[in-house]
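Listing of entry_33.txt, compact mmCIF, N, CA, C and O atoms
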```txt
# COMPACT_ATOMS: atom_id res chain seq x y z
N MET A 1 10.40 -6.63 5.43
CA MET A 1 9.56 -5.52 5.81
C MET A 1 10.18 -4.74 6.95
O MET A 1 10.74 -5.31 7.86
N ASP A 2 10.06 -3.45 6.86
CA ASP A 2 10.50 -2.56 7.94
C ASP A 2 9.46 -2.63 9.06
O ASP A 2 8.28 -2.44 8.80
N PRO A 3 9.86 -2.92 10.31
CA PRO A 3 8.87 -3.09 11.38
C PRO A 3 8.07 -1.83 11.72
O PRO A 3 7.04 -1.92 12.37
N SER A 4 8.49 -0.68 11.26
CA SER A 4 7.72 0.54 11.51
C SER A 4 8.03 1.56 10.41
O SER A 4 8.67 2.57 10.65
N ALA A 5 7.56 1.27 9.21
CA ALA A 5 7.83 2.13 8.06
C ALA A 5 6.89 3.32 8.04
O ALA A 5 5.71 3.19 8.35
N LYS A 6 7.42 4.46 7.65
CA LYS A 6 6.61 5.67 7.51
C LYS A 6 6.02 5.68 6.10
O LYS A 6 6.72 5.48 5.11
N VAL A 7 4.71 5.92 6.02
CA VAL A 7 4.00 5.98 4.75
C VAL A 7 3.50 7.42 4.57
O VAL A 7 2.72 7.90 5.39
N THR A 8 3.97 8.08 3.52
CA THR A 8 3.54 9.44 3.22
C THR A 8 2.50 9.39 2.10
O THR A 8 2.72 8.73 1.09
N LEU A 9 1.39 10.07 2.30
CA LEU A 9 0.32 10.14 1.32
C LEU A 9 0.35 11.54 0.72
O LEU A 9 -0.06 12.51 1.37
N ARG A 10 0.88 11.66 -0.50
CA ARG A 10 1.17 12.96 -1.07
C ARG A 10 -0.05 13.88 -1.19
O ARG A 10 -0.03 15.00 -0.71
N HIS A 11 -1.12 13.42 -1.84
CA HIS A 11 -2.26 14.29 -2.10
C HIS A 11 -3.07 14.61 -0.85
O HIS A 11 -3.61 15.70 -0.73
N ILE A 12 -3.15 13.66 0.05
CA ILE A 12 -3.88 13.88 1.30
C ILE A 12 -3.05 14.75 2.25
O ILE A 12 -3.59 15.47 3.07
N GLY A 13 -1.73 14.66 2.10
CA GLY A 13 -0.85 15.42 2.98
C GLY A 13 -0.74 14.81 4.36
O GLY A 13 -0.61 15.51 5.35
N ALA A 14 -0.82 13.49 4.43
CA ALA A 14 -0.78 12.79 5.72
C ALA A 14 0.40 11.82 5.76
O ALA A 14 0.92 11.42 4.72
N GLN A 15 0.78 11.46 6.97
CA GLN A 15 1.78 10.42 7.18
C GLN A 15 1.23 9.45 8.21
O GLN A 15 0.50 9.85 9.12
N LEU A 16 1.57 8.18 8.04
CA LEU A 16 1.15 7.16 8.99
C LEU A 16 2.25 6.11 9.09
O LEU A 16 3.19 6.13 8.31
N GLN A 17 2.11 5.26 10.06
CA GLN A 17 3.07 4.18 10.27
C GLN A 17 2.46 2.85 9.84
O GLN A 17 1.30 2.57 10.15
N CYS A 18 3.22 2.06 9.13
CA CYS A 18 2.85 0.68 8.84
C CYS A 18 3.67 -0.16 9.81
O CYS A 18 4.89 -0.22 9.71
N GLU A 19 3.00 -0.75 10.77
CA GLU A 19 3.69 -1.43 11.86
C GLU A 19 3.64 -2.95 11.70
O GLU A 19 2.89 -3.47 10.88
N SER A 20 4.40 -3.64 12.51
CA SER A 20 4.53 -5.09 12.38
C SER A 20 3.21 -5.83 12.55
O SER A 20 3.06 -6.93 12.05
N GLY A 21 2.23 -5.25 13.20
CA GLY A 21 0.93 -5.90 13.37
C GLY A 21 0.05 -5.85 12.13
O GLY A 21 -0.94 -6.56 12.05
N HIS A 22 0.40 -5.02 11.17
CA HIS A 22 -0.38 -4.92 9.95
C HIS A 22 0.01 -6.05 8.98
O HIS A 22 1.19 -6.26 8.72
N ARG A 23 -1.00 -6.73 8.46
CA ARG A 23 -0.75 -7.85 7.53
C ARG A 23 -0.42 -7.34 6.12
O ARG A 23 0.16 -8.06 5.33
N SER A 24 -0.83 -6.11 5.82
CA SER A 24 -0.58 -5.54 4.49
C SER A 24 -0.61 -4.02 4.59
O SER A 24 -1.04 -3.45 5.61
N LEU A 25 -0.17 -3.38 3.54
CA LEU A 25 -0.25 -1.93 3.48
C LEU A 25 -1.70 -1.48 3.51
O LEU A 25 -2.04 -0.48 4.13
N LEU A 26 -2.59 -2.23 2.89
CA LEU A 26 -4.02 -1.92 2.92
C LEU A 26 -4.53 -1.92 4.36
O LEU A 26 -5.27 -1.04 4.77
N ASP A 27 -4.12 -2.89 5.17
CA ASP A 27 -4.50 -2.93 6.59
C ASP A 27 -4.05 -1.67 7.32
O ASP A 27 -4.78 -1.11 8.12
N ALA A 28 -2.83 -1.22 7.04
CA ALA A 28 -2.30 -0.01 7.69
C ALA A 28 -3.11 1.22 7.27
O ALA A 28 -3.43 2.07 8.10
N LEU A 29 -3.44 1.32 6.00
CA LEU A 29 -4.24 2.44 5.51
C LEU A 29 -5.62 2.45 6.18
O LEU A 29 -6.08 3.48 6.66
N GLU A 30 -6.25 1.29 6.22
CA GLU A 30 -7.57 1.19 6.84
C GLU A 30 -7.52 1.50 8.34
O GLU A 30 -8.42 2.14 8.87
N ALA A 31 -6.47 1.05 9.03
CA ALA A 31 -6.33 1.32 10.46
C ALA A 31 -6.22 2.81 10.74
O ALA A 31 -6.54 3.27 11.84
N ASN A 32 -5.80 3.57 9.73
CA ASN A 32 -5.68 5.02 9.86
C ASN A 32 -6.82 5.75 9.17
O ASN A 32 -6.71 6.94 8.87
N HIS A 33 -7.91 5.03 8.91
CA HIS A 33 -9.15 5.60 8.35
C HIS A 33 -8.96 6.23 6.98
O HIS A 33 -9.59 7.23 6.66
N ILE A 34 -8.08 5.63 6.16
CA ILE A 34 -7.88 6.07 4.78
C ILE A 34 -8.70 5.15 3.89
O ILE A 34 -8.50 3.93 3.90
N ASP A 35 -9.64 5.73 3.14
CA ASP A 35 -10.48 4.94 2.25
C ASP A 35 -9.70 4.50 1.01
O ASP A 35 -9.15 5.34 0.30
N VAL A 36 -9.66 3.21 0.80
CA VAL A 36 -9.04 2.63 -0.39
C VAL A 36 -10.03 1.62 -0.96
O VAL A 36 -10.53 0.75 -0.24
N GLU A 37 -10.29 1.74 -2.24
CA GLU A 37 -11.18 0.77 -2.89
C GLU A 37 -10.45 -0.57 -2.97
O GLU A 37 -9.27 -0.63 -3.31
N PHE A 38 -11.15 -1.63 -2.66
CA PHE A 38 -10.59 -2.98 -2.78
C PHE A 38 -11.74 -3.96 -2.94
O PHE A 38 -12.90 -3.63 -2.65
N GLN A 39 -11.42 -5.15 -3.42
CA GLN A 39 -12.43 -6.19 -3.52
C GLN A 39 -11.92 -7.54 -3.04
O GLN A 39 -12.67 -8.30 -2.46
N CYS A 40 -10.65 -7.83 -3.26
CA CYS A 40 -10.24 -9.21 -3.00
C CYS A 40 -9.28 -9.41 -1.83
O CYS A 40 -9.27 -10.46 -1.24
N ARG A 41 -8.42 -8.45 -1.53
CA ARG A 41 -7.37 -8.58 -0.51
C ARG A 41 -6.33 -9.65 -0.81
O ARG A 41 -5.57 -10.05 0.06
N SER A 42 -6.30 -10.13 -2.04
CA SER A 42 -5.36 -11.21 -2.39
C SER A 42 -4.57 -10.95 -3.66
O SER A 42 -3.91 -11.85 -4.15
N GLY A 43 -4.65 -9.76 -4.22
CA GLY A 43 -3.89 -9.45 -5.43
C GLY A 43 -4.49 -9.95 -6.71
O GLY A 43 -3.84 -9.96 -7.74
N TYR A 44 -5.76 -10.38 -6.67
CA TYR A 44 -6.40 -10.93 -7.87
C TYR A 44 -7.05 -9.87 -8.74
O TYR A 44 -7.00 -9.94 -9.95
N CYS A 45 -7.72 -8.88 -8.13
CA CYS A 45 -8.58 -8.00 -8.93
C CYS A 45 -7.92 -6.70 -9.35
O CYS A 45 -8.29 -6.13 -10.38
N GLY A 46 -6.99 -6.17 -8.58
CA GLY A 46 -6.34 -4.92 -8.94
C GLY A 46 -7.11 -3.67 -8.57
O GLY A 46 -6.68 -2.57 -8.90
N ALA A 47 -8.23 -3.79 -7.87
CA ALA A 47 -9.05 -2.62 -7.54
C ALA A 47 -8.32 -1.63 -6.63
O ALA A 47 -8.58 -0.44 -6.68
N CYS A 48 -7.39 -2.09 -5.83
CA CYS A 48 -6.69 -1.21 -4.89
C CYS A 48 -5.42 -0.59 -5.48
O CYS A 48 -4.69 0.11 -4.77
N ARG A 49 -5.15 -0.82 -6.73
CA ARG A 49 -3.93 -0.35 -7.40
C ARG A 49 -3.68 1.13 -7.11
O ARG A 49 -4.58 1.95 -7.14
N MET A 50 -2.43 1.46 -6.79
CA MET A 50 -2.05 2.85 -6.58
C MET A 50 -0.60 3.05 -6.99
O MET A 50 0.15 2.10 -7.14
N ARG A 51 -0.23 4.31 -7.13
CA ARG A 51 1.10 4.69 -7.61
C ARG A 51 2.07 4.83 -6.43
O ARG A 51 1.78 5.52 -5.45
N LEU A 52 3.21 4.15 -6.53
CA LEU A 52 4.29 4.26 -5.56
C LEU A 52 5.25 5.32 -6.08
O LEU A 52 5.83 5.16 -7.16
N LEU A 53 5.40 6.41 -5.36
CA LEU A 53 6.24 7.52 -5.82
C LEU A 53 7.68 7.42 -5.32
O LEU A 53 8.60 7.89 -5.99
N ARG A 54 7.86 6.83 -4.15
CA ARG A 54 9.19 6.73 -3.58
C ARG A 54 9.25 5.52 -2.66
O ARG A 54 8.29 5.22 -1.96
N GLY A 55 10.38 4.83 -2.67
CA GLY A 55 10.58 3.68 -1.81
C GLY A 55 10.27 2.37 -2.52
O GLY A 55 10.08 2.33 -3.73
N ARG A 56 10.26 1.31 -1.72
CA ARG A 56 10.02 -0.03 -2.25
C ARG A 56 9.03 -0.76 -1.37
O ARG A 56 8.93 -0.47 -0.18
N VAL A 57 8.34 -1.72 -1.96
CA VAL A 57 7.46 -2.61 -1.20
C VAL A 57 7.88 -4.05 -1.45
O VAL A 57 8.54 -4.36 -2.44
N ALA A 58 7.50 -4.92 -0.53
CA ALA A 58 7.74 -6.36 -0.67
C ALA A 58 6.37 -7.04 -0.68
O ALA A 58 5.54 -6.77 0.19
N TYR A 59 6.17 -7.88 -1.65
CA TYR A 59 4.89 -8.59 -1.76
C TYR A 59 4.88 -9.81 -0.85
O TYR A 59 5.83 -10.59 -0.85
N THR A 60 3.81 -9.97 -0.09
CA THR A 60 3.64 -11.12 0.78
C THR A 60 3.15 -12.32 -0.02
O THR A 60 3.28 -13.46 0.42
N GLN A 61 2.58 -12.07 -1.18
CA GLN A 61 2.19 -13.09 -2.16
C GLN A 61 2.25 -12.42 -3.52
O GLN A 61 2.08 -11.22 -3.64
N SER A 62 2.52 -13.19 -4.54
CA SER A 62 2.63 -12.63 -5.88
C SER A 62 1.27 -12.16 -6.37
O SER A 62 0.30 -12.93 -6.35
N PRO A 63 1.17 -10.90 -6.81
CA PRO A 63 -0.12 -10.43 -7.32
C PRO A 63 -0.43 -11.08 -8.66
O PRO A 63 0.46 -11.27 -9.49
N LEU A 64 -1.68 -11.43 -8.85
CA LEU A 64 -2.11 -12.01 -10.12
C LEU A 64 -2.68 -10.95 -11.05
O LEU A 64 -2.73 -11.16 -12.26
N ALA A 65 -3.12 -9.82 -10.50
CA ALA A 65 -3.61 -8.73 -11.34
C ALA A 65 -2.43 -8.08 -12.04
O ALA A 65 -1.32 -8.02 -11.50
N CYS A 66 -2.65 -7.61 -13.23
CA CYS A 66 -1.60 -6.91 -13.98
C CYS A 66 -1.36 -5.54 -13.35
O CYS A 66 -2.31 -4.80 -13.09
N ILE A 67 -0.11 -5.25 -13.08
CA ILE A 67 0.24 -3.93 -12.56
C ILE A 67 1.36 -3.36 -13.42
O ILE A 67 2.24 -4.09 -13.87
N ARG A 68 1.27 -2.06 -13.65
CA ARG A 68 2.28 -1.37 -14.46
C ARG A 68 3.47 -1.01 -13.58
O ARG A 68 3.33 -0.90 -12.36
N PRO A 69 4.62 -0.78 -14.19
CA PRO A 69 5.78 -0.31 -13.42
C PRO A 69 5.41 0.96 -12.66
O PRO A 69 4.79 1.87 -13.21
N GLY A 70 5.76 1.00 -11.40
CA GLY A 70 5.45 2.15 -10.56
C GLY A 70 4.15 2.03 -9.79
O GLY A 70 3.87 2.82 -8.90
N ASP A 71 3.33 1.03 -10.13
CA ASP A 71 2.08 0.78 -9.42
C ASP A 71 2.28 -0.35 -8.42
O ASP A 71 3.13 -1.22 -8.62
N ILE A 72 1.48 -0.35 -7.36
CA ILE A 72 1.50 -1.43 -6.37
C ILE A 72 0.08 -1.83 -6.03
O ILE A 72 -0.87 -1.10 -6.32
N LEU A 73 -0.05 -2.99 -5.44
CA LEU A 73 -1.32 -3.47 -4.89
C LEU A 73 -1.16 -3.55 -3.38
O LEU A 73 -0.55 -4.48 -2.86
N PRO A 74 -1.68 -2.56 -2.64
CA PRO A 74 -1.47 -2.54 -1.19
C PRO A 74 -2.12 -3.69 -0.44
O PRO A 74 -1.77 -3.95 0.71
N CYS A 75 -3.03 -4.43 -1.09
CA CYS A 75 -3.68 -5.55 -0.41
C CYS A 75 -2.74 -6.71 -0.15
O CYS A 75 -3.02 -7.55 0.70
N CYS A 76 -1.64 -6.76 -0.89
CA CYS A 76 -0.75 -7.93 -0.74
C CYS A 76 0.73 -7.54 -0.66
O CYS A 76 1.60 -8.32 -1.04
N CYS A 77 1.01 -6.32 -0.17
CA CYS A 77 2.40 -5.92 0.01
C CYS A 77 2.58 -5.17 1.31
O CYS A 77 1.61 -4.74 1.94
N LEU A 78 3.82 -5.02 1.70
CA LEU A 78 4.22 -4.25 2.88
C LEU A 78 5.38 -3.34 2.48
O LEU A 78 6.17 -3.71 1.60
N PRO A 79 5.53 -2.19 3.12
CA PRO A 79 6.67 -1.32 2.81
C PRO A 79 7.99 -1.99 3.19
O PRO A 79 8.08 -2.64 4.22
N ALA A 80 8.99 -1.79 2.35
CA ALA A 80 10.35 -2.25 2.64
C ALA A 80 11.16 -1.00 3.00
O ALA A 80 12.15 -0.69 2.35
N GLY A 81 10.70 -0.26 3.99
CA GLY A 81 11.28 1.03 4.36
C GLY A 81 10.23 2.11 4.17
O GLY A 81 9.08 1.82 3.86
N ASP A 82 10.64 3.35 4.34
CA ASP A 82 9.71 4.47 4.18
C ASP A 82 9.30 4.58 2.72
O ASP A 82 10.11 4.39 1.81
N ILE A 83 8.00 4.88 2.49
CA ILE A 83 7.47 5.00 1.13
C ILE A 83 6.61 6.25 1.01
O ILE A 83 6.16 6.81 2.01
N GLU A 84 6.37 6.65 -0.24
CA GLU A 84 5.45 7.74 -0.54
C GLU A 84 4.50 7.25 -1.61
O GLU A 84 4.91 6.67 -2.63
N LEU A 85 3.20 7.49 -1.38
CA LEU A 85 2.16 7.05 -2.31
C LEU A 85 1.44 8.26 -2.90
O LEU A 85 1.30 9.29 -2.24
N GLU A 86 0.99 8.12 -4.12
CA GLU A 86 0.18 9.16 -4.74
C GLU A 86 -1.27 8.93 -4.33
O GLU A 86 -2.06 8.33 -5.05
N LEU A 87 -1.59 9.38 -3.16
CA LEU A 87 -2.92 9.16 -2.59
C LEU A 87 -3.31 10.37 -1.78
O LEU A 87 -2.51 10.95 -1.11
```

Structure rendered as structure tokens:
Amino acid sequence: MDPSAKVTLRHIGAQLQCESGHRSLLDALEANHIDVEFQCRSGYCGACRMRLLRGRVAYTQSPLACIRPGDILPCCCLPAGDIELEL
């Protein structure tokens, strides 16, 4: 994980930092008051699924929900560098 990755939110037109204190990308989004639907925080349900447009993420645990290529589960991953999300 990048200790201070820049996260660009394309549709909202915002940028934020995912810092080393965040346990997941979902935590970073919430810390910046970005509403993301979620239910489990563990990669089981897939409710937080979103499209990764640029960059890579690293999963802190393997997601059990089915995800398509290009989709991520922010509840159980962290950016591996700067990323752009379709959000």

Practice prompt. Please write as a list in words the list of polymer residues whose atoms come within 7 Å of (1.2, -10.9, -4.7), counting only N, CA, C and O atoms and keeping to the coordinates of the file.
Written response: Ser42, Gly43, Tyr59, Thr60, Gln61, Ser62, Pro63, Leu64, Leu73, Cys76 and Cys77 of chain A

Worksheet item: Can you list every residue in region 20-86 of chain A that DSSP puts in strand (DSSP E or B), as a PyMOL selection string?
Response: chain A and resi 50-54+57-59+71-72+77-79+83-85

Worksheet entry | One-decimal distance in Å that lies between CA of Glu19 (chain A) and CA of Pro79 (chain A) |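 Calculated distance between CA of Pro79 (chain A) and CA of Glu19 (chain A) is 9.5 Å.
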
Worksheet item: What does the distance between atom C of Arg54 (chain A) and atom O of Gln39 (chain A) come to in Å, to one decimal place?
Response: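 Value for the atom C of Arg54 (chain A)-atom O of Gln39 (chain A) distance: 25.9 Å.
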
Item to complete: Apply DSSP to the backbone of this structure and, from region 4-86 of chain A, keep only the residues in alpha helix (DSSP H); write these as a list of chain:residue names.
Response: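 Answer for region 4-86 of chain A, restricted to alpha helix (DSSP H): A:Leu25, A:Leu26, A:Asp27, A:Ala28, A:Leu29, A:Glu30, A:Ala31.
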
Which residues come within 7 Å of Lys6 (chain A), counting only C-alpha atoms, excluding same-chain residues fewer than 4 positions away, as a compact mmCIF listing (two decimals) with N, CA, C and O atoms, keeping the file's coordinate frame?
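Resulting contents of selection.txt:
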```txt
# COMPACT_ATOMS: atom_id res chain seq x y z
N GLN A 15 0.78 11.46 6.97
CA GLN A 15 1.78 10.42 7.18
C GLN A 15 1.23 9.45 8.21
O GLN A 15 0.50 9.85 9.12
N LEU A 16 1.57 8.18 8.04
CA LEU A 16 1.15 7.16 8.99
C LEU A 16 2.25 6.11 9.09
O LEU A 16 3.19 6.13 8.31
N GLN A 17 2.11 5.26 10.06
CA GLN A 17 3.07 4.18 10.27
C GLN A 17 2.46 2.85 9.84
O GLN A 17 1.30 2.57 10.15
N CYS A 18 3.22 2.06 9.13
CA CYS A 18 2.85 0.68 8.84
C CYS A 18 3.67 -0.16 9.81
O CYS A 18 4.89 -0.22 9.71
N ASP A 82 10.64 3.35 4.34
CA ASP A 82 9.71 4.47 4.18
C ASP A 82 9.30 4.58 2.72
O ASP A 82 10.11 4.39 1.81
N ILE A 83 8.00 4.88 2.49
CA ILE A 83 7.47 5.00 1.13
C ILE A 83 6.61 6.25 1.01
O ILE A 83 6.16 6.81 2.01
```

Considering only N, CA, C and O atoms, return as a PDB file with N, CA, C and O atoms, in the coordinates of the input whatever protein or nucleic-acid residues lie within 6 Å of Glu84 (chain A), sequence-local ones (same chain, fewer than 4 positions apart) excluded.
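As a result, result-v8.pdb now contains:
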```
ATOM      1  N   LYS A   6       7.420   4.460   7.650  1.00  0.00           N
ATOM      2  CA  LYS A   6       6.610   5.670   7.510  1.00  0.00           C
ATOM      3  C   LYS A   6       6.020   5.680   6.100  1.00  0.00           C
ATOM      4  O   LYS A   6       6.720   5.480   5.110  1.00  0.00           O
ATOM      5  N   VAL A   7       4.710   5.920   6.020  1.00  0.00           N
ATOM      6  CA  VAL A   7       4.000   5.980   4.750  1.00  0.00           C
ATOM      7  C   VAL A   7       3.500   7.420   4.570  1.00  0.00           C
ATOM      8  O   VAL A   7       2.720   7.900   5.390  1.00  0.00           O
ATOM      9  N   THR A   8       3.970   8.080   3.520  1.00  0.00           N
ATOM     10  CA  THR A   8       3.540   9.440   3.220  1.00  0.00           C
ATOM     11  C   THR A   8       2.500   9.390   2.100  1.00  0.00           C
ATOM     12  O   THR A   8       2.720   8.730   1.090  1.00  0.00           O
ATOM     13  N   LEU A   9       1.390  10.070   2.300  1.00  0.00           N
ATOM     14  CA  LEU A   9       0.320  10.140   1.320  1.00  0.00           C
ATOM     15  C   LEU A   9       0.350  11.540   0.720  1.00  0.00           C
ATOM     16  O   LEU A   9      -0.060  12.510   1.370  1.00  0.00           O
ATOM     17  N   ARG A  10       0.880  11.660  -0.500  1.00  0.00           N
ATOM     18  CA  ARG A  10       1.170  12.960  -1.070  1.00  0.00           C
ATOM     19  C   ARG A  10      -0.050  13.880  -1.190  1.00  0.00           C
ATOM     20  O   ARG A  10      -0.030  15.000  -0.710  1.00  0.00           O
ATOM     21  N   ARG A  51      -0.230   4.310  -7.130  1.00  0.00           N
ATOM     22  CA  ARG A  51       1.100   4.690  -7.610  1.00  0.00           C
ATOM     23  C   ARG A  51       2.070   4.830  -6.430  1.00  0.00           C
ATOM     24  O   ARG A  51       1.780   5.520  -5.450  1.00  0.00           O
ATOM     25  N   LEU A  52       3.210   4.150  -6.530  1.00  0.00           N
ATOM     26  CA  LEU A  52       4.290   4.260  -5.560  1.00  0.00           C
ATOM     27  C   LEU A  52       5.250   5.320  -6.080  1.00  0.00           C
ATOM     28  O   LEU A  52       5.830   5.160  -7.160  1.00  0.00           O
ATOM     29  N   LEU A  53       5.400   6.410  -5.360  1.00  0.00           N
ATOM     30  CA  LEU A  53       6.240   7.520  -5.820  1.00  0.00           C
ATOM     31  C   LEU A  53       7.680   7.420  -5.320  1.00  0.00           C
ATOM     32  O   LEU A  53       8.600   7.890  -5.990  1.00  0.00           O
ATOM     33  N   ARG A  54       7.860   6.830  -4.150  1.00  0.00           N
ATOM     34  CA  ARG A  54       9.190   6.730  -3.580  1.00  0.00           C
ATOM     35  C   ARG A  54       9.250   5.520  -2.660  1.00  0.00           C
ATOM     36  O   ARG A  54       8.290   5.220  -1.960  1.00  0.00           O
ATOM     37  N   GLY A  55      10.380   4.830  -2.670  1.00  0.00           N
ATOM     38  CA  GLY A  55      10.580   3.680  -1.810  1.00  0.00           C
ATOM     39  C   GLY A  55      10.270   2.370  -2.520  1.00  0.00           C
ATOM     40  O   GLY A  55      10.080   2.330  -3.730  1.00  0.00           O
TER      41      GLY A  55
END
```

Worksheet entry | Atom-to-atom span, CA of Val36 (chain A) and atom O of Ala80 (chain A), Å | 21.6 Å

Worksheet item: Which is closer to Phe38 (chain A) than all the others in A:Gly13, A:Cys75, A:Ser24, A:Gly81, using all atoms listed in the file?
Response: A:Cys75

Fill in: Minimum-distance residue to Pro74 (chain A), chosen among A:Glu37, A:Val57, A:Asn32, A:Cys48 (using only N, CA, C and O atoms)
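Ranking A:Glu37, A:Val57, A:Asn32, A:Cys48 by distance to Pro74 (chain A), first place goes to A:Cys48.
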
Worksheet item: Pick the closest to Cys45 (chain A) from A:Ala65, A:Ile12, A:Leu26, A:Leu85: which is it, counting only N, CA, C and O atoms?
Response: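 Selected residue with least distance to Cys45 (chain A): A:Ala65.
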